[in-house]
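Next comes start.txt, a file with compact mmCIF, C-alpha atoms.
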# COMPACT_ATOMS: atom_id res chain seq x y z
CA ASP A 1 24.03 -31.68 -99.89
CA ALA A 2 25.84 -32.21 -103.18
CA GLY A 3 24.32 -35.62 -103.75
CA VAL A 4 26.28 -38.69 -104.74
CA ILE A 5 29.51 -37.69 -106.41
CA GLN A 6 31.25 -39.85 -108.98
CA SER A 7 34.54 -39.34 -110.74
CA PRO A 8 35.59 -39.27 -113.42
CA ARG A 9 32.47 -38.58 -115.46
CA HIS A 10 34.06 -39.98 -118.57
CA GLU A 11 36.95 -42.38 -118.95
CA VAL A 12 38.50 -43.60 -122.15
CA THR A 13 41.22 -46.17 -121.85
CA GLU A 14 42.90 -48.90 -123.79
CA MET A 15 42.40 -52.59 -123.33
CA GLY A 16 44.62 -53.97 -120.60
CA GLN A 17 44.83 -50.78 -118.59
CA GLU A 18 43.69 -50.44 -115.01
CA VAL A 19 40.59 -48.32 -114.42
CA THR A 20 39.51 -46.90 -111.07
CA LEU A 21 36.08 -45.37 -110.59
CA ARG A 22 35.34 -43.33 -107.49
CA CYS A 23 32.23 -42.60 -105.51
CA LYS A 24 31.40 -40.36 -102.59
CA PRO A 25 27.99 -41.23 -101.12
CA ILE A 26 25.67 -38.79 -99.46
CA SER A 27 26.83 -37.98 -95.95
CA GLY A 28 25.05 -40.13 -93.39
CA HIS A 29 24.07 -42.83 -95.84
CA ASN A 30 25.18 -46.26 -94.71
CA SER A 31 24.54 -48.43 -97.76
CA LEU A 32 26.24 -48.05 -101.12
CA PHE A 33 25.60 -49.78 -104.43
CA TRP A 34 27.62 -50.08 -107.62
CA TYR A 35 25.65 -50.65 -110.83
CA ARG A 36 26.56 -51.13 -114.46
CA GLN A 37 24.27 -50.09 -117.29
CA THR A 38 24.51 -51.22 -120.91
CA MET A 39 22.07 -51.38 -123.77
CA MET A 40 22.36 -55.14 -123.95
CA ARG A 41 22.08 -56.05 -120.28
CA GLY A 42 20.26 -53.07 -118.80
CA LEU A 43 20.95 -52.12 -115.18
CA GLU A 44 22.99 -54.67 -113.24
CA LEU A 45 23.89 -54.59 -109.57
CA LEU A 46 27.58 -55.33 -109.17
CA ILE A 47 28.08 -55.08 -105.42
CA TYR A 48 26.64 -53.42 -102.39
CA PHE A 49 28.02 -52.39 -99.01
CA ASN A 50 26.37 -51.90 -95.64
CA ASN A 51 28.38 -49.85 -93.14
CA ASN A 52 31.44 -50.19 -95.39
CA VAL A 53 31.22 -54.00 -95.44
CA PRO A 54 30.56 -55.81 -98.74
CA ILE A 55 27.29 -57.71 -98.39
CA ASP A 56 26.66 -59.12 -101.84
CA ASP A 57 29.23 -59.17 -104.62
CA SER A 58 27.59 -61.87 -106.68
CA GLY A 59 27.05 -59.42 -109.48
CA MET A 60 30.73 -58.71 -109.97
CA PRO A 61 31.45 -60.16 -113.41
CA GLU A 62 34.82 -61.72 -112.73
CA ASP A 63 38.03 -61.40 -110.82
CA ARG A 64 39.09 -58.44 -112.89
CA PHE A 65 36.57 -56.38 -110.95
CA SER A 66 37.11 -55.36 -107.34
CA ALA A 67 35.45 -52.83 -105.06
CA LYS A 68 36.42 -51.31 -101.77
CA MET A 69 34.87 -49.00 -99.25
CA PRO A 70 37.61 -47.95 -96.84
CA ASN A 71 35.36 -45.51 -95.01
CA ALA A 72 31.81 -44.22 -94.99
CA SER A 73 32.53 -41.42 -97.43
CA PHE A 74 34.44 -43.15 -100.20
CA SER A 75 34.27 -46.19 -102.43
CA THR A 76 36.18 -47.39 -105.47
CA LEU A 77 35.45 -49.83 -108.25
CA LYS A 78 38.55 -51.10 -109.99
CA ILE A 79 38.88 -53.03 -113.23
CA GLN A 80 42.23 -54.61 -113.91
CA PRO A 81 42.87 -55.39 -116.70
CA SER A 82 40.09 -53.66 -118.58
CA GLU A 83 38.50 -55.14 -121.71
CA PRO A 84 36.31 -53.60 -124.43
CA ARG A 85 33.28 -55.48 -123.11
CA ASP A 86 33.59 -53.51 -119.88
CA SER A 87 32.48 -50.40 -121.74
CA ALA A 88 29.35 -49.18 -119.96
CA VAL A 89 28.01 -46.50 -117.67
CA TYR A 90 28.81 -47.25 -114.04
CA PHE A 91 26.56 -45.80 -111.38
CA CYS A 92 27.01 -45.49 -107.67
CA ALA A 93 23.98 -45.11 -105.41
CA SER A 94 23.56 -44.65 -101.69
CA ILE A 95 20.75 -44.97 -99.19
CA SER A 96 20.23 -44.43 -95.51
CA ARG A 97 18.93 -47.62 -93.92
CA ASP A 98 17.81 -45.54 -90.97
CA SER A 99 15.70 -43.17 -92.99
CA ARG A 100 12.04 -43.43 -93.81
CA LEU A 101 12.80 -42.12 -97.27
CA ASP A 102 13.77 -45.59 -98.47
CA GLU A 103 15.05 -44.41 -101.82
CA GLN A 104 18.38 -44.89 -103.50
CA PHE A 105 20.14 -41.73 -104.59
CA PHE A 106 22.13 -42.19 -107.75
CA GLY A 107 25.24 -40.40 -108.86
CA PRO A 108 25.58 -39.03 -112.40
CA GLY A 109 27.54 -42.07 -113.52
CA THR A 110 30.91 -42.70 -115.12
CA ARG A 111 30.87 -43.48 -118.81
CA LEU A 112 33.70 -45.93 -119.46
CA THR A 113 34.98 -46.67 -122.91
CA VAL A 114 37.62 -49.35 -123.32
CA LEU A 115 39.23 -49.34 -126.75
CA ALA B 116 13.00 -65.89 -106.75
CA GLN B 117 12.29 -62.21 -106.94
CA SER B 118 11.76 -60.67 -110.34
CA VAL B 119 10.34 -57.67 -112.11
CA ALA B 120 8.91 -57.58 -115.61
CA GLN B 121 8.36 -54.53 -117.74
CA PRO B 122 6.70 -56.04 -120.78
CA GLU B 123 7.07 -53.02 -123.06
CA ASP B 124 10.45 -51.86 -124.31
CA GLN B 125 8.89 -48.63 -125.52
CA VAL B 126 5.64 -46.75 -125.04
CA ASN B 127 4.55 -43.97 -127.39
CA VAL B 128 1.95 -41.45 -126.27
CA ALA B 129 0.72 -38.18 -127.69
CA GLU B 130 1.15 -35.13 -125.52
CA GLY B 131 -1.91 -34.51 -123.38
CA ASN B 132 -3.05 -38.13 -123.46
CA PRO B 133 -2.94 -40.40 -120.43
CA LEU B 134 0.01 -42.73 -120.15
CA THR B 135 0.58 -46.11 -118.55
CA VAL B 136 3.88 -47.92 -118.12
CA LYS B 137 3.39 -51.50 -117.01
CA CYS B 138 5.19 -53.45 -114.31
CA THR B 139 4.58 -56.86 -112.77
CA TYR B 140 6.58 -58.41 -109.99
CA SER B 141 7.27 -61.58 -108.09
CA VAL B 142 8.50 -61.51 -104.50
CA SER B 143 8.27 -63.98 -101.66
CA GLY B 144 7.31 -61.58 -98.89
CA ASN B 145 5.49 -58.29 -98.79
CA PRO B 146 6.63 -56.22 -101.77
CA TYR B 147 8.27 -52.84 -101.56
CA LEU B 148 7.74 -51.35 -105.02
CA PHE B 149 9.46 -48.42 -106.66
CA TRP B 150 9.52 -46.41 -109.84
CA TYR B 151 12.58 -44.51 -110.96
CA VAL B 152 13.11 -42.30 -114.00
CA GLN B 153 16.29 -41.77 -115.99
CA TYR B 154 16.74 -38.79 -118.25
CA PRO B 155 19.45 -38.91 -120.94
CA ASN B 156 22.98 -38.90 -119.58
CA ARG B 157 21.75 -38.78 -116.00
CA GLY B 158 21.50 -41.12 -113.05
CA LEU B 159 18.21 -42.63 -111.98
CA GLN B 160 15.85 -40.50 -109.91
CA PHE B 161 13.24 -41.75 -107.48
CA LEU B 162 9.62 -41.15 -108.54
CA LEU B 163 7.46 -42.98 -106.05
CA LYS B 164 7.13 -46.06 -103.91
CA TYR B 165 4.58 -48.38 -102.40
CA ILE B 166 5.28 -49.92 -99.02
CA THR B 167 1.86 -50.32 -97.44
CA GLY B 168 -1.46 -48.55 -97.21
CA ASP B 169 -3.42 -46.95 -100.01
CA ASN B 170 -3.05 -48.86 -103.27
CA LEU B 171 -2.80 -45.62 -105.25
CA VAL B 172 0.49 -43.90 -104.68
CA LYS B 173 1.26 -40.37 -105.83
CA GLY B 174 4.76 -39.26 -106.68
CA SER B 175 6.83 -36.61 -108.37
CA TYR B 176 5.96 -34.74 -111.58
CA GLY B 177 2.28 -35.74 -111.42
CA PHE B 178 2.93 -39.47 -111.69
CA GLU B 179 1.02 -42.07 -109.75
CA ALA B 180 1.06 -45.84 -109.55
CA GLU B 181 -1.51 -48.40 -108.58
CA PHE B 182 -0.60 -51.45 -106.55
CA ASN B 183 -2.68 -54.49 -107.44
CA LYS B 184 -1.90 -57.43 -105.21
CA SER B 185 -4.03 -59.99 -107.03
CA GLN B 186 -2.42 -59.17 -110.36
CA THR B 187 1.01 -58.55 -108.81
CA SER B 188 1.22 -55.33 -110.76
CA PHE B 189 2.40 -51.81 -110.09
CA HIS B 190 1.65 -49.80 -113.22
CA LEU B 191 2.84 -46.22 -113.53
CA LYS B 192 0.31 -43.68 -114.73
CA LYS B 193 -0.13 -40.03 -115.52
CA PRO B 194 -3.41 -38.41 -116.59
CA SER B 195 -1.89 -36.02 -119.12
CA ALA B 196 1.53 -36.62 -120.66
CA LEU B 197 4.10 -33.92 -121.28
CA VAL B 198 6.89 -34.00 -123.85
CA SER B 199 9.28 -33.54 -120.93
CA ASP B 200 8.13 -36.89 -119.52
CA SER B 201 10.06 -38.62 -122.28
CA ALA B 202 12.65 -40.74 -120.51
CA LEU B 203 13.54 -44.26 -119.43
CA TYR B 204 11.41 -45.63 -116.58
CA PHE B 205 12.44 -48.43 -114.26
CA CYS B 206 10.29 -50.48 -111.94
CA ALA B 207 12.00 -52.14 -108.97
CA VAL B 208 11.02 -54.38 -106.08
CA ARG B 209 12.48 -55.67 -102.86
CA ASP B 210 11.10 -57.63 -99.98
CA GLY B 211 11.27 -56.17 -96.53
CA SER B 212 14.40 -57.93 -95.46
CA ASN B 213 17.11 -56.14 -97.35
CA TYR B 214 17.78 -52.99 -99.32
CA GLN B 215 18.86 -54.65 -102.54
CA LEU B 216 16.46 -53.79 -105.35
CA ILE B 217 15.52 -56.10 -108.20
CA TRP B 218 15.21 -53.97 -111.31
CA GLY B 219 13.09 -54.26 -114.41
CA ALA B 220 14.65 -53.86 -117.82
CA GLY B 221 13.27 -50.38 -118.25
CA THR B 222 10.65 -48.88 -120.57
CA LYS B 223 11.43 -46.02 -122.88
CA LEU B 224 8.59 -43.52 -122.83
CA ILE B 225 8.27 -41.24 -125.82
CA ILE B 226 5.80 -38.38 -125.70
CA LYS B 227 5.12 -36.83 -129.09
CA PRO B 228 3.92 -33.23 -129.45
Translate this file's structure into structure tokens.
Amino acid sequence: DAGVIQSPRHEVTEMGQEVTLRCKPISGHNSLFWYRQTMMRGLELLIYFNNNVPIDDSGMPEDRFSAKMPNASFSTLKIQPSEPRDSAVYFCASISRDSRLDEQFFGPGTRLTVL
Amino acid sequence: AQSVAQPEDQVNVAEGNPLTVKCTYSVSGNPYLFWYVQYPNRGLQFLLKYITGDNLVKGSYGFEAEFNKSQTSFHLKKPSALVSDSALYFCAVRDGSNYQLIWGAGTKLIIKP
């Protein structure tokens, strides 16, 4: 298995532009998490899905952020409009709730820079 | 409320010496405890976990962690540090009812030759 796949790996954009981050979880995993990591705030959970349904989005900073999971193999995190303070590394992670492994598998992250 | 504390922002250890990275937690039910490691420019990787059973848990790369219920701690240890162990280490906890992890702030481990 290729692991959790995220794209793009790096994104540089200008303030006000729309940004879409993509994630493909590991096949068979039924929970997916979006995290944001910064030096100041550390690792923050933004939202997580179970069986494609958003369960907890309390970590989403504001209405500019939205996330979708249209099917079991794809999720997006969208920021519209983007702001410089959104600059961070965004990670996607997946887990199988039916597995005894009980570990989250992280993607390589998307480094977002908003100028 | 659930929480995780990693009291040290950074730990410095000489290569070959034992290392300890500290973690304390607070959770309402039975704790599920985890350690993850993050190497530069990479995602987090699972190291080990405690769910139940033996208080000493062994994981990847020679790491182990000791669950101490009375002290609500789950410190990460390794008998002999390697330079390649230098990374950012995260402790995390959840109760048994959901898969959302509560993360510590992370501890930067620096192993000097």
| Quick one: which residues from chain B are at most 10 Å off chain A, using only C-alpha atoms, as a PyMOL selection string? | chain B and resi 147+149-151+156-164+166+205+213-221
Write to file, as a PDB file, in the frame of the given file, the residues of the selection just made, with C-alpha atoms.
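Writing the result to out-v8.pdb gives the following:
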ATOM      1  CA  TYR B 147       8.270 -52.840-101.560  1.00  0.00           C
ATOM      2  CA  PHE B 149       9.460 -48.420-106.660  1.00  0.00           C
ATOM      3  CA  TRP B 150       9.520 -46.410-109.840  1.00  0.00           C
ATOM      4  CA  TYR B 151      12.580 -44.510-110.960  1.00  0.00           C
ATOM      5  CA  ASN B 156      22.980 -38.900-119.580  1.00  0.00           C
ATOM      6  CA  ARG B 157      21.750 -38.780-116.000  1.00  0.00           C
ATOM      7  CA  GLY B 158      21.500 -41.120-113.050  1.00  0.00           C
ATOM      8  CA  LEU B 159      18.210 -42.630-111.980  1.00  0.00           C
ATOM      9  CA  GLN B 160      15.850 -40.500-109.910  1.00  0.00           C
ATOM     10  CA  PHE B 161      13.240 -41.750-107.480  1.00  0.00           C
ATOM     11  CA  LEU B 162       9.620 -41.150-108.540  1.00  0.00           C
ATOM     12  CA  LEU B 163       7.460 -42.980-106.050  1.00  0.00           C
ATOM     13  CA  LYS B 164       7.130 -46.060-103.910  1.00  0.00           C
ATOM     14  CA  ILE B 166       5.280 -49.920 -99.020  1.00  0.00           C
ATOM     15  CA  PHE B 205      12.440 -48.430-114.260  1.00  0.00           C
ATOM     16  CA  ASN B 213      17.110 -56.140 -97.350  1.00  0.00           C
ATOM     17  CA  TYR B 214      17.780 -52.990 -99.320  1.00  0.00           C
ATOM     18  CA  GLN B 215      18.860 -54.650-102.540  1.00  0.00           C
ATOM     19  CA  LEU B 216      16.460 -53.790-105.350  1.00  0.00           C
ATOM     20  CA  ILE B 217      15.520 -56.100-108.200  1.00  0.00           C
ATOM     21  CA  TRP B 218      15.210 -53.970-111.310  1.00  0.00           C
ATOM     22  CA  GLY B 219      13.090 -54.260-114.410  1.00  0.00           C
ATOM     23  CA  ALA B 220      14.650 -53.860-117.820  1.00  0.00           C
ATOM     24  CA  GLY B 221      13.270 -50.380-118.250  1.00  0.00           C
TER      25      GLY B 221
END
| note | A straight line from atom CA of His29 of chain A to atom CA of Asp210 of chain B spans 20.1 Å
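The residue that comes closest to Met69 of chain A, out of A:Thr20, A:Tyr35, A:Val53, A:Pro25 and on the basis of only C-alpha atoms, is A:Val53.
Proximity to Asp98 of chain A was assessed for A:Phe49, A:Gly59, A:Asn30, A:Gly3 counting only C-alpha atoms; the smallest distance is recorded for A:Asn30.
Atom CA of Gly177 of chain B is positioned 14.4 Å from atom CA of Tyr204 of chain B.
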| field | Å distance separating atom CA of Thr13 of chain A from atom CA of Leu115 of chain A, one decimal place | value | 6.2 Å
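Nearest residue to Ser201 of chain B among B:Thr222, B:Thr167, B:Ser175, B:Ser141 is B:Thr222, counting only C-alpha atoms.
Each of B:Gln153, B:Ser195, B:Asn170, B:Asn145 was compared to Val128 of chain B using all atoms listed in the file, and B:Ser195 turns out to be the nearest.
For the choices A:Ala88, A:Val19, A:Asn52, A:Ser7, the atom-to-atom distance to Phe65 of chain A is smallest for A:Val19 when using all atoms listed in the file.
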Kindly add N, CA and C atoms to the incomplete segment 125-153 of chain B and provide the output as a compact mmCIF listing (two decimals), in the frame of the given file.
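Once written, out34.txt looks like this:
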# COMPACT_ATOMS: atom_id res chain seq x y z
N GLN B 125 9.14 -50.03 -125.18
CA GLN B 125 8.89 -48.63 -125.52
C GLN B 125 7.40 -48.37 -125.51
N VAL B 126 7.03 -47.19 -125.03
CA VAL B 126 5.64 -46.75 -125.04
C VAL B 126 5.60 -45.38 -125.70
N ASN B 127 4.72 -45.24 -126.68
CA ASN B 127 4.55 -43.97 -127.39
C ASN B 127 3.19 -43.39 -127.06
N VAL B 128 3.19 -42.12 -126.66
CA VAL B 128 1.95 -41.45 -126.27
C VAL B 128 1.97 -40.03 -126.83
N ALA B 129 0.83 -39.57 -127.25
CA ALA B 129 0.72 -38.18 -127.69
C ALA B 129 0.60 -37.26 -126.49
N GLU B 130 1.20 -36.11 -126.61
CA GLU B 130 1.15 -35.13 -125.52
C GLU B 130 -0.30 -34.83 -125.16
N GLY B 131 -0.56 -34.79 -123.85
CA GLY B 131 -1.91 -34.51 -123.38
C GLY B 131 -2.75 -35.75 -123.13
N ASN B 132 -2.33 -36.86 -123.69
CA ASN B 132 -3.05 -38.13 -123.46
C ASN B 132 -2.57 -38.78 -122.18
N PRO B 133 -3.40 -39.66 -121.61
CA PRO B 133 -2.94 -40.40 -120.43
C PRO B 133 -1.89 -41.43 -120.82
N LEU B 134 -1.01 -41.73 -119.89
CA LEU B 134 0.01 -42.73 -120.15
C LEU B 134 0.02 -43.80 -119.06
N THR B 135 0.40 -45.00 -119.48
CA THR B 135 0.58 -46.11 -118.55
C THR B 135 1.85 -46.84 -118.92
N VAL B 136 2.69 -47.09 -117.94
CA VAL B 136 3.88 -47.92 -118.12
C VAL B 136 3.71 -49.11 -117.17
N LYS B 137 3.77 -50.30 -117.75
CA LYS B 137 3.39 -51.50 -117.01
C LYS B 137 4.55 -52.14 -116.26
N CYS B 138 4.20 -52.74 -115.13
CA CYS B 138 5.19 -53.45 -114.31
C CYS B 138 4.49 -54.57 -113.55
N THR B 139 5.03 -55.76 -113.62
CA THR B 139 4.58 -56.86 -112.77
C THR B 139 5.76 -57.39 -112.01
N TYR B 140 5.48 -58.01 -110.88
CA TYR B 140 6.58 -58.41 -109.99
C TYR B 140 6.31 -59.77 -109.40
N SER B 141 7.37 -60.35 -108.86
CA SER B 141 7.27 -61.58 -108.09
C SER B 141 8.23 -61.46 -106.91
N VAL B 142 7.68 -61.61 -105.71
CA VAL B 142 8.50 -61.51 -104.50
C VAL B 142 7.91 -62.43 -103.46
N SER B 143 8.75 -62.98 -102.61
CA SER B 143 8.27 -63.98 -101.66
C SER B 143 7.52 -63.35 -100.49
N GLY B 144 7.96 -62.22 -100.02
CA GLY B 144 7.31 -61.58 -98.89
C GLY B 144 6.44 -60.42 -99.34
N ASN B 145 6.23 -59.49 -98.42
CA ASN B 145 5.49 -58.29 -98.79
C ASN B 145 6.35 -57.42 -99.70
N PRO B 146 5.80 -56.97 -100.82
CA PRO B 146 6.63 -56.22 -101.77
C PRO B 146 6.78 -54.76 -101.39
N TYR B 147 7.98 -54.26 -101.58
CA TYR B 147 8.27 -52.84 -101.56
C TYR B 147 8.53 -52.47 -103.02
N LEU B 148 7.70 -51.63 -103.58
CA LEU B 148 7.74 -51.35 -105.02
C LEU B 148 8.13 -49.91 -105.29
N PHE B 149 8.90 -49.73 -106.34
CA PHE B 149 9.46 -48.42 -106.66
C PHE B 149 9.39 -48.15 -108.15
N TRP B 150 9.30 -46.87 -108.49
CA TRP B 150 9.52 -46.41 -109.84
C TRP B 150 10.61 -45.35 -109.81
N TYR B 151 11.52 -45.49 -110.77
CA TYR B 151 12.58 -44.51 -110.96
C TYR B 151 12.54 -44.04 -112.42
N VAL B 152 13.03 -42.84 -112.65
CA VAL B 152 13.11 -42.30 -114.00
C VAL B 152 14.56 -41.92 -114.31
N GLN B 153 14.94 -42.14 -115.55
CA GLN B 153 16.29 -41.77 -115.99
C GLN B 153 16.20 -40.91 -117.23
